[in-house]
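Novice: This is the structure I want to talk about, given as structure tokens.
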Amino acid sequence: MSQQISASLTAILDLERLESNLFRGRSPKSSWPRVFGGQVIAQSLYAACKTVEGRQPHSLHAYFLLPGDPEMPIVYEVDRLRDGRSFTTRRVLAIQKGEAIFAMSASFQVDEPGYDHQMPMPKVPMPEDLPDREEMARSILPHMPDAVQAYYQRKRPIEIRPVEIERYRTGGKMEPKFNVWIRALERLPDEPALHQSVLAYASDLMLLDSSLIAHGTTVFDQKIQGASLDHALWFHRPFRADDWLLYAQDSPSTSGARGFSRGLIFDRQGKLVASVAQEGLIRPRPDRA
């Protein structure tokens, strides 16, 4: 899990166009030493979207190469790999100090009909039935470890309402599943690419943490060195990122100091709108054992 930042999502995605395929993005002011991974995913996707007309992204595949410096702007270089009759492919490099810190490929498709089925949404409480930020701060977080309190009290542009938050307090090995309701705090314009980029931003918020549930620990444990290594996201159906979305996460495997996590994202009506997969570093730190 990467660190989060607090700022307007529309401001984060307000990219400066330098040339037809070159964009510059900036990080909000933050005390964190590296750029939040979700920000780089979102800005890269939005840059790619700005080079495509009449088609929506249906998938992206990305690798985190180097930590980003939040004090420096990030240059996004878009490579127009292919413009076909049905699909369009773009490659994006995020660059700082002359080096690529992130690489992403994204595919776009014309809107067309076809077969349609989906997995059902898990049976979980609706977001209105869960504690909001103020209630969590008042009655739940004081009983949690300090690092968990700091994470959930941090101001960010995405509202988070976890379903199984008690796992941070009770500890112990559990089934590696974690359900979280998410939504953008601000009302967003009616621009599909913006909503897709916002969801890309949110998709990296806590997915890595689910890979540690089966081991009775979390990314908040100082004995764990955690970092996102790669990230994949598929868009299935239209949605709004400023309405509640259920992020249903699980982790099929951990091995070799890496955790593999998946996520299904549903709207509040139970429609599956996106799927996510990520592998991340979850290396035990002997120096802090």
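Following the order of the structure tokens, chains are lettered A, B, ..., residues in each are numbered from 1, and ligands are numbered from 1.
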May I have the residues within 10 Å of region 117-119 of chain A as a ChimeraX atom specification, using only C-alpha atoms and disregarding those fewer than 5 positions away in the same chain?

Specialist: /A:236,264,266,270-273

Novice: Run DSSP on the backbone and give me the residues of region 67-288 of chain A it puts in helix (DSSP H, G or I), as a ChimeraX atom specification.

Specialist: /A:127-129,133-143,146-153,167-170,192-202,207-215,286-288

Novice: Next, the residues of the selection above should be written as a tab-separated table (two decimals), in the first residue's frame with N, CA and C atoms.

Specialist:
chain	number	residue	atom	x	y	z
A	127	PRO	N	-23.36	1.24	2.60
A	127	PRO	CA	-22.51	2.26	3.23
A	127	PRO	C	-23.25	3.10	4.28
A	128	GLU	N	-24.54	3.33	4.08
A	128	GLU	CA	-25.30	4.12	5.06
A	128	GLU	C	-25.44	3.40	6.39
A	129	ASP	N	-25.25	2.08	6.39
A	129	ASP	CA	-25.36	1.29	7.62
A	129	ASP	C	-24.02	1.14	8.34
A	133	ARG	N	-16.98	8.85	8.75
A	133	ARG	CA	-15.66	9.26	9.23
A	133	ARG	C	-15.70	9.77	10.67
A	134	GLU	N	-16.72	10.60	10.99
A	134	GLU	CA	-16.82	11.17	12.32
A	134	GLU	C	-17.12	10.10	13.37
A	135	GLU	N	-18.02	9.19	13.06
A	135	GLU	CA	-18.35	8.13	14.00
A	135	GLU	C	-17.18	7.17	14.20
A	136	MET	N	-16.46	6.89	13.13
A	136	MET	CA	-15.28	6.04	13.25
A	136	MET	C	-14.24	6.68	14.17
A	137	ALA	N	-14.02	7.98	13.98
A	137	ALA	CA	-13.03	8.69	14.80
A	137	ALA	C	-13.44	8.74	16.26
A	138	ARG	N	-14.75	8.75	16.49
A	138	ARG	CA	-15.25	8.89	17.86
A	138	ARG	C	-15.31	7.55	18.60
A	139	SER	N	-15.78	6.50	17.93
A	139	SER	CA	-16.09	5.28	18.67
A	139	SER	C	-15.30	4.04	18.27
A	140	ILE	N	-14.62	4.07	17.12
A	140	ILE	CA	-13.93	2.87	16.65
A	140	ILE	C	-12.42	3.03	16.65
A	141	LEU	N	-11.92	4.09	16.03
A	141	LEU	CA	-10.48	4.24	15.87
A	141	LEU	C	-9.71	4.35	17.19
A	142	PRO	N	-10.28	4.93	18.26
A	142	PRO	CA	-9.51	4.98	19.51
A	142	PRO	C	-9.10	3.61	20.05
A	143	HIS	N	-9.77	2.55	19.58
A	143	HIS	CA	-9.45	1.20	20.04
A	143	HIS	C	-8.53	0.47	19.06
A	146	ASP	N	-2.14	2.68	16.61
A	146	ASP	CA	-1.89	4.07	16.22
A	146	ASP	C	-1.78	4.23	14.71
A	147	ALA	N	-1.09	3.31	14.04
A	147	ALA	CA	-0.90	3.44	12.59
A	147	ALA	C	-2.22	3.33	11.85
A	148	VAL	N	-3.13	2.49	12.34
A	148	VAL	CA	-4.45	2.36	11.72
A	148	VAL	C	-5.25	3.64	11.94
A	149	GLN	N	-5.17	4.19	13.15
A	149	GLN	CA	-5.86	5.45	13.43
A	149	GLN	C	-5.37	6.54	12.48
A	150	ALA	N	-4.06	6.64	12.31
A	150	ALA	CA	-3.49	7.68	11.46
A	150	ALA	C	-3.95	7.52	10.02
A	151	TYR	N	-4.01	6.29	9.55
A	151	TYR	CA	-4.40	6.04	8.15
A	151	TYR	C	-5.85	6.46	7.91
A	152	TYR	N	-6.76	6.05	8.75
A	152	TYR	CA	-8.17	6.31	8.51
A	152	TYR	C	-8.59	7.73	8.89
A	153	GLN	N	-7.77	8.43	9.66
A	153	GLN	CA	-8.07	9.82	9.98
A	153	GLN	C	-7.44	10.80	8.98
A	167	ARG	N	-10.96	-6.28	12.12
A	167	ARG	CA	-9.80	-7.16	11.99
A	167	ARG	C	-8.52	-6.47	12.45
A	168	TYR	N	-8.48	-5.15	12.37
A	168	TYR	CA	-7.29	-4.43	12.83
A	168	TYR	C	-7.16	-4.48	14.35
A	169	ARG	N	-8.29	-4.63	15.04
A	169	ARG	CA	-8.26	-4.64	16.50
A	169	ARG	C	-8.09	-6.05	17.05
A	170	THR	N	-8.80	-7.02	16.46
A	170	THR	CA	-8.77	-8.37	17.01
A	170	THR	C	-7.50	-9.12	16.64
A	192	PRO	N	-16.71	10.41	-18.59
A	192	PRO	CA	-16.35	9.03	-18.25
A	192	PRO	C	-14.86	8.82	-17.98
A	193	ALA	N	-13.98	9.45	-18.77
A	193	ALA	CA	-12.55	9.26	-18.57
A	193	ALA	C	-12.10	9.75	-17.20
A	194	LEU	N	-12.73	10.80	-16.71
A	194	LEU	CA	-12.39	11.32	-15.39
A	194	LEU	C	-12.81	10.33	-14.31
A	195	HIS	N	-14.01	9.76	-14.42
A	195	HIS	CA	-14.48	8.79	-13.44
A	195	HIS	C	-13.62	7.53	-13.46
A	196	GLN	N	-13.21	7.10	-14.65
A	196	GLN	CA	-12.35	5.93	-14.75
A	196	GLN	C	-10.98	6.20	-14.14
A	197	SER	N	-10.47	7.40	-14.33
A	197	SER	CA	-9.17	7.75	-13.76
A	197	SER	C	-9.25	7.87	-12.25
A	198	VAL	N	-10.37	8.38	-11.73
A	198	VAL	CA	-10.56	8.46	-10.29
A	198	VAL	C	-10.63	7.06	-9.67
A	199	LEU	N	-11.33	6.16	-10.35
A	199	LEU	CA	-11.37	4.79	-9.84
A	199	LEU	C	-9.98	4.15	-9.89
A	200	ALA	N	-9.21	4.45	-10.92
A	200	ALA	CA	-7.84	3.95	-10.98
A	200	ALA	C	-7.04	4.46	-9.78
A	201	TYR	N	-7.24	5.72	-9.43
A	201	TYR	CA	-6.59	6.30	-8.25
A	201	TYR	C	-6.97	5.51	-6.99
A	202	ALA	N	-8.27	5.26	-6.80
A	202	ALA	CA	-8.74	4.60	-5.58
A	202	ALA	C	-8.37	3.13	-5.54
A	207	LEU	N	-5.38	-2.32	-1.52
A	207	LEU	CA	-5.47	-3.68	-2.03
A	207	LEU	C	-4.36	-4.57	-1.50
A	208	LEU	N	-3.15	-4.05	-1.40
A	208	LEU	CA	-2.02	-4.86	-0.92
A	208	LEU	C	-2.25	-5.41	0.48
A	209	ASP	N	-2.97	-4.66	1.30
A	209	ASP	CA	-3.19	-5.06	2.69
A	209	ASP	C	-3.94	-6.39	2.79
A	210	SER	N	-4.79	-6.70	1.81
A	210	SER	CA	-5.56	-7.94	1.88
A	210	SER	C	-4.66	-9.17	1.80
A	211	SER	N	-3.46	-9.04	1.25
A	211	SER	CA	-2.56	-10.18	1.13
A	211	SER	C	-1.94	-10.57	2.47
A	212	LEU	N	-2.12	-9.75	3.49
A	212	LEU	CA	-1.54	-10.04	4.81
A	212	LEU	C	-2.56	-10.53	5.82
A	213	ILE	N	-3.84	-10.52	5.47
A	213	ILE	CA	-4.88	-10.91	6.42
A	213	ILE	C	-4.69	-12.36	6.86
A	214	ALA	N	-4.34	-13.24	5.93
A	214	ALA	CA	-4.18	-14.66	6.25
A	214	ALA	C	-2.98	-14.90	7.18
A	215	HIS	N	-2.13	-13.90	7.33
A	215	HIS	CA	-0.93	-14.06	8.14
A	215	HIS	C	-1.01	-13.30	9.46
A	286	PRO	N	13.79	-8.19	9.10
A	286	PRO	CA	14.46	-8.79	10.27
A	286	PRO	C	15.00	-7.76	11.24
A	287	ASP	N	15.36	-6.56	10.72
A	287	ASP	CA	15.93	-5.54	11.59
A	287	ASP	C	14.90	-4.97	12.56
A	288	ARG	N	13.59	-5.26	12.30
A	288	ARG	CA	12.54	-4.75	13.19
A	288	ARG	C	11.74	-5.89	13.82

Novice: From the set A:Ser107, A:Gln249, A:Ser228, A:Ser20, which residue has the shortest atom-to-atom contact distance to Glu279 (chain A), counting only C-alpha atoms?

Specialist: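 With only C-alpha atoms as the atom set, the closest residue is A:Ser228.
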
Novice: For the structure I just gave you, how does DSSP split region 100-218 of chain A - specifically, which residues are strand (DSSP E)? Reply as a PDB file with all heavy atoms, in the first residue's frame.

Specialist:
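This went into selection35.pdb:
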ATOM      1  N   ALA A 100      12.342   6.628 -16.036  1.00  0.00           N
ATOM      2  CA  ALA A 100      10.967   6.139 -15.947  1.00  0.00           C
ATOM      3  C   ALA A 100      10.712   5.612 -14.544  1.00  0.00           C
ATOM      4  O   ALA A 100      11.440   4.752 -14.055  1.00  0.00           O
ATOM      5  CB  ALA A 100      10.732   5.050 -16.976  1.00  0.00           C
ATOM      6  N   ILE A 101       9.687   6.142 -13.895  1.00  0.00           N
ATOM      7  CA  ILE A 101       9.307   5.650 -12.568  1.00  0.00           C
ATOM      8  C   ILE A 101       8.102   4.719 -12.634  1.00  0.00           C
ATOM      9  O   ILE A 101       7.796   4.023 -11.660  1.00  0.00           O
ATOM     10  CB  ILE A 101       9.022   6.813 -11.598  1.00  0.00           C
ATOM     11  CG1 ILE A 101       7.796   7.625 -12.058  1.00  0.00           C
ATOM     12  CG2 ILE A 101      10.244   7.717 -11.439  1.00  0.00           C
ATOM     13  CD1 ILE A 101       7.282   8.628 -11.031  1.00  0.00           C
ATOM     14  N   PHE A 102       7.438   4.687 -13.802  1.00  0.00           N
ATOM     15  CA  PHE A 102       6.189   3.934 -13.943  1.00  0.00           C
ATOM     16  C   PHE A 102       5.947   3.711 -15.428  1.00  0.00           C
ATOM     17  O   PHE A 102       6.219   4.582 -16.246  1.00  0.00           O
ATOM     18  CB  PHE A 102       5.049   4.745 -13.324  1.00  0.00           C
ATOM     19  CG  PHE A 102       3.671   4.162 -13.453  1.00  0.00           C
ATOM     20  CD1 PHE A 102       3.200   3.236 -12.539  1.00  0.00           C
ATOM     21  CD2 PHE A 102       2.830   4.574 -14.474  1.00  0.00           C
ATOM     22  CE1 PHE A 102       1.910   2.709 -12.650  1.00  0.00           C
ATOM     23  CE2 PHE A 102       1.546   4.058 -14.596  1.00  0.00           C
ATOM     24  CZ  PHE A 102       1.085   3.117 -13.682  1.00  0.00           C
ATOM     25  N   ALA A 103       5.465   2.510 -15.763  1.00  0.00           N
ATOM     26  CA  ALA A 103       5.148   2.196 -17.159  1.00  0.00           C
ATOM     27  C   ALA A 103       3.774   1.555 -17.228  1.00  0.00           C
ATOM     28  O   ALA A 103       3.447   0.692 -16.406  1.00  0.00           O
ATOM     29  CB  ALA A 103       6.199   1.253 -17.742  1.00  0.00           C
ATOM     30  N   MET A 104       2.963   1.959 -18.203  1.00  0.00           N
ATOM     31  CA  MET A 104       1.596   1.461 -18.310  1.00  0.00           C
ATOM     32  C   MET A 104       1.200   1.283 -19.765  1.00  0.00           C
ATOM     33  O   MET A 104       1.570   2.088 -20.621  1.00  0.00           O
ATOM     34  CB  MET A 104       0.618   2.443 -17.648  1.00  0.00           C
ATOM     35  CG  MET A 104      -0.831   1.986 -17.623  1.00  0.00           C
ATOM     36  SD  MET A 104      -1.989   3.327 -17.184  1.00  0.00           S
ATOM     37  CE  MET A 104      -2.098   4.175 -18.770  1.00  0.00           C
ATOM     38  N   SER A 105       0.479   0.205 -20.030  1.00  0.00           N
ATOM     39  CA  SER A 105      -0.187   0.026 -21.316  1.00  0.00           C
ATOM     40  C   SER A 105      -1.684   0.065 -21.074  1.00  0.00           C
ATOM     41  O   SER A 105      -2.170  -0.497 -20.083  1.00  0.00           O
ATOM     42  CB  SER A 105       0.202  -1.308 -21.955  1.00  0.00           C
ATOM     43  OG  SER A 105       1.575  -1.338 -22.272  1.00  0.00           O
ATOM     44  N   ALA A 106      -2.419   0.702 -21.947  1.00  0.00           N
ATOM     45  CA  ALA A 106      -3.875   0.794 -21.815  1.00  0.00           C
ATOM     46  C   ALA A 106      -4.514   0.516 -23.168  1.00  0.00           C
ATOM     47  O   ALA A 106      -3.992   0.901 -24.217  1.00  0.00           O
ATOM     48  CB  ALA A 106      -4.288   2.177 -21.315  1.00  0.00           C
ATOM     49  N   SER A 107      -5.658  -0.173 -23.123  1.00  0.00           N
ATOM     50  CA  SER A 107      -6.391  -0.508 -24.342  1.00  0.00           C
ATOM     51  C   SER A 107      -7.770   0.125 -24.303  1.00  0.00           C
ATOM     52  O   SER A 107      -8.427   0.135 -23.253  1.00  0.00           O
ATOM     53  CB  SER A 107      -6.508  -2.030 -24.485  1.00  0.00           C
ATOM     54  OG  SER A 107      -7.174  -2.383 -25.675  1.00  0.00           O
ATOM     55  N   PHE A 108      -8.209   0.643 -25.442  1.00  0.00           N
ATOM     56  CA  PHE A 108      -9.499   1.312 -25.588  1.00  0.00           C
ATOM     57  C   PHE A 108     -10.316   0.571 -26.640  1.00  0.00           C
ATOM     58  O   PHE A 108      -9.755  -0.003 -27.581  1.00  0.00           O
ATOM     59  CB  PHE A 108      -9.312   2.766 -26.020  1.00  0.00           C
ATOM     60  CG  PHE A 108      -8.524   3.611 -25.051  1.00  0.00           C
ATOM     61  CD1 PHE A 108      -7.147   3.438 -24.908  1.00  0.00           C
ATOM     62  CD2 PHE A 108      -9.149   4.589 -24.299  1.00  0.00           C
ATOM     63  CE1 PHE A 108      -6.420   4.226 -24.023  1.00  0.00           C
ATOM     64  CE2 PHE A 108      -8.430   5.377 -23.413  1.00  0.00           C
ATOM     65  CZ  PHE A 108      -7.065   5.192 -23.276  1.00  0.00           C
ATOM     66  N   GLN A 109     -11.638   0.614 -26.512  1.00  0.00           N
ATOM     67  CA  GLN A 109     -12.500  -0.106 -27.441  1.00  0.00           C
ATOM     68  C   GLN A 109     -13.713   0.744 -27.810  1.00  0.00           C
ATOM     69  O   GLN A 109     -14.215   1.518 -26.994  1.00  0.00           O
ATOM     70  CB  GLN A 109     -12.973  -1.422 -26.810  1.00  0.00           C
ATOM     71  CG  GLN A 109     -13.818  -2.295 -27.724  1.00  0.00           C
ATOM     72  CD  GLN A 109     -14.403  -3.503 -27.011  1.00  0.00           C
ATOM     73  OE1 GLN A 109     -14.336  -3.604 -25.797  1.00  0.00           O
ATOM     74  NE2 GLN A 109     -15.001  -4.411 -27.767  1.00  0.00           N
ATOM     75  N   ILE A 158     -10.819  10.544  -1.332  1.00  0.00           N
ATOM     76  CA  ILE A 158     -11.686   9.375  -1.417  1.00  0.00           C
ATOM     77  C   ILE A 158     -12.211   9.046  -0.024  1.00  0.00           C
ATOM     78  O   ILE A 158     -11.433   8.924   0.926  1.00  0.00           O
ATOM     79  CB  ILE A 158     -10.930   8.148  -1.970  1.00  0.00           C
ATOM     80  CG1 ILE A 158     -10.387   8.427  -3.374  1.00  0.00           C
ATOM     81  CG2 ILE A 158     -11.829   6.904  -1.967  1.00  0.00           C
ATOM     82  CD1 ILE A 158     -11.437   8.570  -4.441  1.00  0.00           C
ATOM     83  N   GLU A 159     -13.525   8.902   0.116  1.00  0.00           N
ATOM     84  CA  GLU A 159     -14.116   8.462   1.387  1.00  0.00           C
ATOM     85  C   GLU A 159     -14.092   6.941   1.443  1.00  0.00           C
ATOM     86  O   GLU A 159     -14.405   6.272   0.460  1.00  0.00           O
ATOM     87  CB  GLU A 159     -15.544   8.972   1.522  1.00  0.00           C
ATOM     88  CG  GLU A 159     -16.171   8.649   2.879  1.00  0.00           C
ATOM     89  CD  GLU A 159     -17.544   9.262   3.070  1.00  0.00           C
ATOM     90  OE1 GLU A 159     -18.031   9.949   2.145  1.00  0.00           O
ATOM     91  OE2 GLU A 159     -18.133   9.048   4.149  1.00  0.00           O
ATOM     92  N   ILE A 160     -13.724   6.403   2.607  1.00  0.00           N
ATOM     93  CA  ILE A 160     -13.568   4.961   2.785  1.00  0.00           C
ATOM     94  C   ILE A 160     -14.424   4.509   3.951  1.00  0.00           C
ATOM     95  O   ILE A 160     -14.334   5.072   5.049  1.00  0.00           O
ATOM     96  CB  ILE A 160     -12.098   4.593   3.077  1.00  0.00           C
ATOM     97  CG1 ILE A 160     -11.186   5.065   1.942  1.00  0.00           C
ATOM     98  CG2 ILE A 160     -11.947   3.093   3.298  1.00  0.00           C
ATOM     99  CD1 ILE A 160      -9.711   4.891   2.253  1.00  0.00           C
ATOM    100  N   ARG A 161     -15.251   3.486   3.748  1.00  0.00           N
ATOM    101  CA  ARG A 161     -16.016   2.874   4.826  1.00  0.00           C
ATOM    102  C   ARG A 161     -15.783   1.361   4.805  1.00  0.00           C
ATOM    103  O   ARG A 161     -16.440   0.624   4.065  1.00  0.00           O
ATOM    104  CB  ARG A 161     -17.507   3.195   4.708  1.00  0.00           C
ATOM    105  CG  ARG A 161     -17.806   4.673   4.916  1.00  0.00           C
ATOM    106  CD  ARG A 161     -19.282   4.956   5.078  1.00  0.00           C
ATOM    107  NE  ARG A 161     -19.523   6.395   5.116  1.00  0.00           N
ATOM    108  CZ  ARG A 161     -20.721   6.960   5.229  1.00  0.00           C
ATOM    109  NH1 ARG A 161     -21.798   6.182   5.326  1.00  0.00           N
ATOM    110  NH2 ARG A 161     -20.851   8.276   5.243  1.00  0.00           N
ATOM    111  N   PRO A 162     -14.830   0.878   5.592  1.00  0.00           N
ATOM    112  CA  PRO A 162     -14.524  -0.554   5.591  1.00  0.00           C
ATOM    113  C   PRO A 162     -15.605  -1.361   6.304  1.00  0.00           C
ATOM    114  O   PRO A 162     -16.188  -0.906   7.291  1.00  0.00           O
ATOM    115  CB  PRO A 162     -13.188  -0.625   6.344  1.00  0.00           C
ATOM    116  CG  PRO A 162     -13.194   0.579   7.221  1.00  0.00           C
ATOM    117  CD  PRO A 162     -13.954   1.638   6.483  1.00  0.00           C
ATOM    118  N   LYS A 177     -10.081 -11.852   3.020  1.00  0.00           N
ATOM    119  CA  LYS A 177     -11.101 -11.088   2.319  1.00  0.00           C
ATOM    120  C   LYS A 177     -11.327  -9.775   3.051  1.00  0.00           C
ATOM    121  O   LYS A 177     -11.278  -9.717   4.267  1.00  0.00           O
ATOM    122  CB  LYS A 177     -12.408 -11.877   2.228  1.00  0.00           C
ATOM    123  CG  LYS A 177     -12.330 -13.119   1.357  1.00  0.00           C
ATOM    124  CD  LYS A 177     -13.688 -13.786   1.197  1.00  0.00           C
ATOM    125  CE  LYS A 177     -13.606 -14.975   0.247  1.00  0.00           C
ATOM    126  NZ  LYS A 177     -14.930 -15.620   0.064  1.00  0.00           N
ATOM    127  N   PHE A 178     -11.569  -8.713   2.273  1.00  0.00           N
ATOM    128  CA  PHE A 178     -11.772  -7.393   2.867  1.00  0.00           C
ATOM    129  C   PHE A 178     -12.690  -6.599   1.949  1.00  0.00           C
ATOM    130  O   PHE A 178     -12.400  -6.424   0.763  1.00  0.00           O
ATOM    131  CB  PHE A 178     -10.425  -6.686   3.029  1.00  0.00           C
ATOM    132  CG  PHE A 178     -10.467  -5.463   3.906  1.00  0.00           C
ATOM    133  CD1 PHE A 178     -11.240  -5.412   5.047  1.00  0.00           C
ATOM    134  CD2 PHE A 178      -9.695  -4.350   3.589  1.00  0.00           C
ATOM    135  CE1 PHE A 178     -11.263  -4.297   5.860  1.00  0.00           C
ATOM    136  CE2 PHE A 178      -9.704  -3.223   4.401  1.00  0.00           C
ATOM    137  CZ  PHE A 178     -10.497  -3.202   5.541  1.00  0.00           C
ATOM    138  N   ASN A 179     -13.813  -6.142   2.481  1.00  0.00           N
ATOM    139  CA  ASN A 179     -14.792  -5.365   1.722  1.00  0.00           C
ATOM    140  C   ASN A 179     -14.784  -3.920   2.200  1.00  0.00           C
ATOM    141  O   ASN A 179     -14.841  -3.655   3.404  1.00  0.00           O
ATOM    142  CB  ASN A 179     -16.187  -5.959   1.899  1.00  0.00           C
ATOM    143  CG  ASN A 179     -16.307  -7.350   1.322  1.00  0.00           C
ATOM    144  OD1 ASN A 179     -16.315  -7.527   0.107  1.00  0.00           O
ATOM    145  ND2 ASN A 179     -16.378  -8.362   2.179  1.00  0.00           N
ATOM    146  N   VAL A 180     -14.738  -3.004   1.249  1.00  0.00           N
ATOM    147  CA  VAL A 180     -14.656  -1.579   1.562  1.00  0.00           C
ATOM    148  C   VAL A 180     -15.536  -0.795   0.594  1.00  0.00           C
ATOM    149  O   VAL A 180     -15.477  -1.015  -0.623  1.00  0.00           O
ATOM    150  CB  VAL A 180     -13.202  -1.070   1.458  1.00  0.00           C
ATOM    151  CG1 VAL A 180     -13.124   0.387   1.894  1.00  0.00           C
ATOM    152  CG2 VAL A 180     -12.247  -1.911   2.269  1.00  0.00           C
ATOM    153  N   TRP A 181     -16.361   0.102   1.123  1.00  0.00           N
ATOM    154  CA  TRP A 181     -17.108   1.033   0.280  1.00  0.00           C
ATOM    155  C   TRP A 181     -16.246   2.274   0.042  1.00  0.00           C
ATOM    156  O   TRP A 181     -15.631   2.803   0.978  1.00  0.00           O
ATOM    157  CB  TRP A 181     -18.420   1.436   0.946  1.00  0.00           C
ATOM    158  CG  TRP A 181     -19.459   0.364   0.952  1.00  0.00           C
ATOM    159  CD1 TRP A 181     -19.754  -0.488   1.977  1.00  0.00           C
ATOM    160  CD2 TRP A 181     -20.365   0.026  -0.110  1.00  0.00           C
ATOM    161  NE1 TRP A 181     -20.776  -1.340   1.620  1.00  0.00           N
ATOM    162  CE2 TRP A 181     -21.181  -1.049   0.342  1.00  0.00           C
ATOM    163  CE3 TRP A 181     -20.582   0.520  -1.397  1.00  0.00           C
ATOM    164  CZ2 TRP A 181     -22.174  -1.620  -0.436  1.00  0.00           C
ATOM    165  CZ3 TRP A 181     -21.570  -0.048  -2.179  1.00  0.00           C
ATOM    166  CH2 TRP A 181     -22.354  -1.110  -1.709  1.00  0.00           C
ATOM    167  N   ILE A 182     -16.200   2.749  -1.185  1.00  0.00           N
ATOM    168  CA  ILE A 182     -15.399   3.923  -1.540  1.00  0.00           C
ATOM    169  C   ILE A 182     -16.218   4.856  -2.426  1.00  0.00           C
ATOM    170  O   ILE A 182     -17.120   4.419  -3.148  1.00  0.00           O
ATOM    171  CB  ILE A 182     -14.098   3.527  -2.273  1.00  0.00           C
ATOM    172  CG1 ILE A 182     -14.425   2.715  -3.543  1.00  0.00           C
ATOM    173  CG2 ILE A 182     -13.161   2.764  -1.355  1.00  0.00           C
ATOM    174  CD1 ILE A 182     -13.227   2.398  -4.411  1.00  0.00           C
ATOM    175  N   ARG A 183     -15.898   6.152  -2.364  1.00  0.00           N
ATOM    176  CA  ARG A 183     -16.457   7.118  -3.315  1.00  0.00           C
ATOM    177  C   ARG A 183     -15.634   8.400  -3.262  1.00  0.00           C
ATOM    178  O   ARG A 183     -14.991   8.715  -2.249  1.00  0.00           O
ATOM    179  CB  ARG A 183     -17.918   7.438  -3.003  1.00  0.00           C
ATOM    180  CG  ARG A 183     -18.137   8.245  -1.741  1.00  0.00           C
ATOM    181  CD  ARG A 183     -19.598   8.691  -1.609  1.00  0.00           C
ATOM    182  NE  ARG A 183     -19.829   9.361  -0.332  1.00  0.00           N
ATOM    183  CZ  ARG A 183     -21.015   9.812   0.068  1.00  0.00           C
ATOM    184  NH1 ARG A 183     -22.074   9.644  -0.706  1.00  0.00           N
ATOM    185  NH2 ARG A 183     -21.146  10.414   1.235  1.00  0.00           N
ATOM    186  N   ALA A 184     -15.645   9.139  -4.358  1.00  0.00           N
ATOM    187  CA  ALA A 184     -14.988  10.441  -4.388  1.00  0.00           C
ATOM    188  C   ALA A 184     -15.760  11.414  -3.511  1.00  0.00           C
ATOM    189  O   ALA A 184     -16.999  11.421  -3.516  1.00  0.00           O
ATOM    190  CB  ALA A 184     -14.914  10.961  -5.816  1.00  0.00           C
TER     191      ALA A 184
END

Novice: Considering only C-alpha atoms, return as a PyMOL selection string whatever protein or nucleic-acid residues lie within 12 Å of Asp79 (chain A), sequence-local ones (same chain, fewer than 4 positions apart) excluded.

Specialist: chain A and resi 20-23+44+47-52+83+88-94+103-106
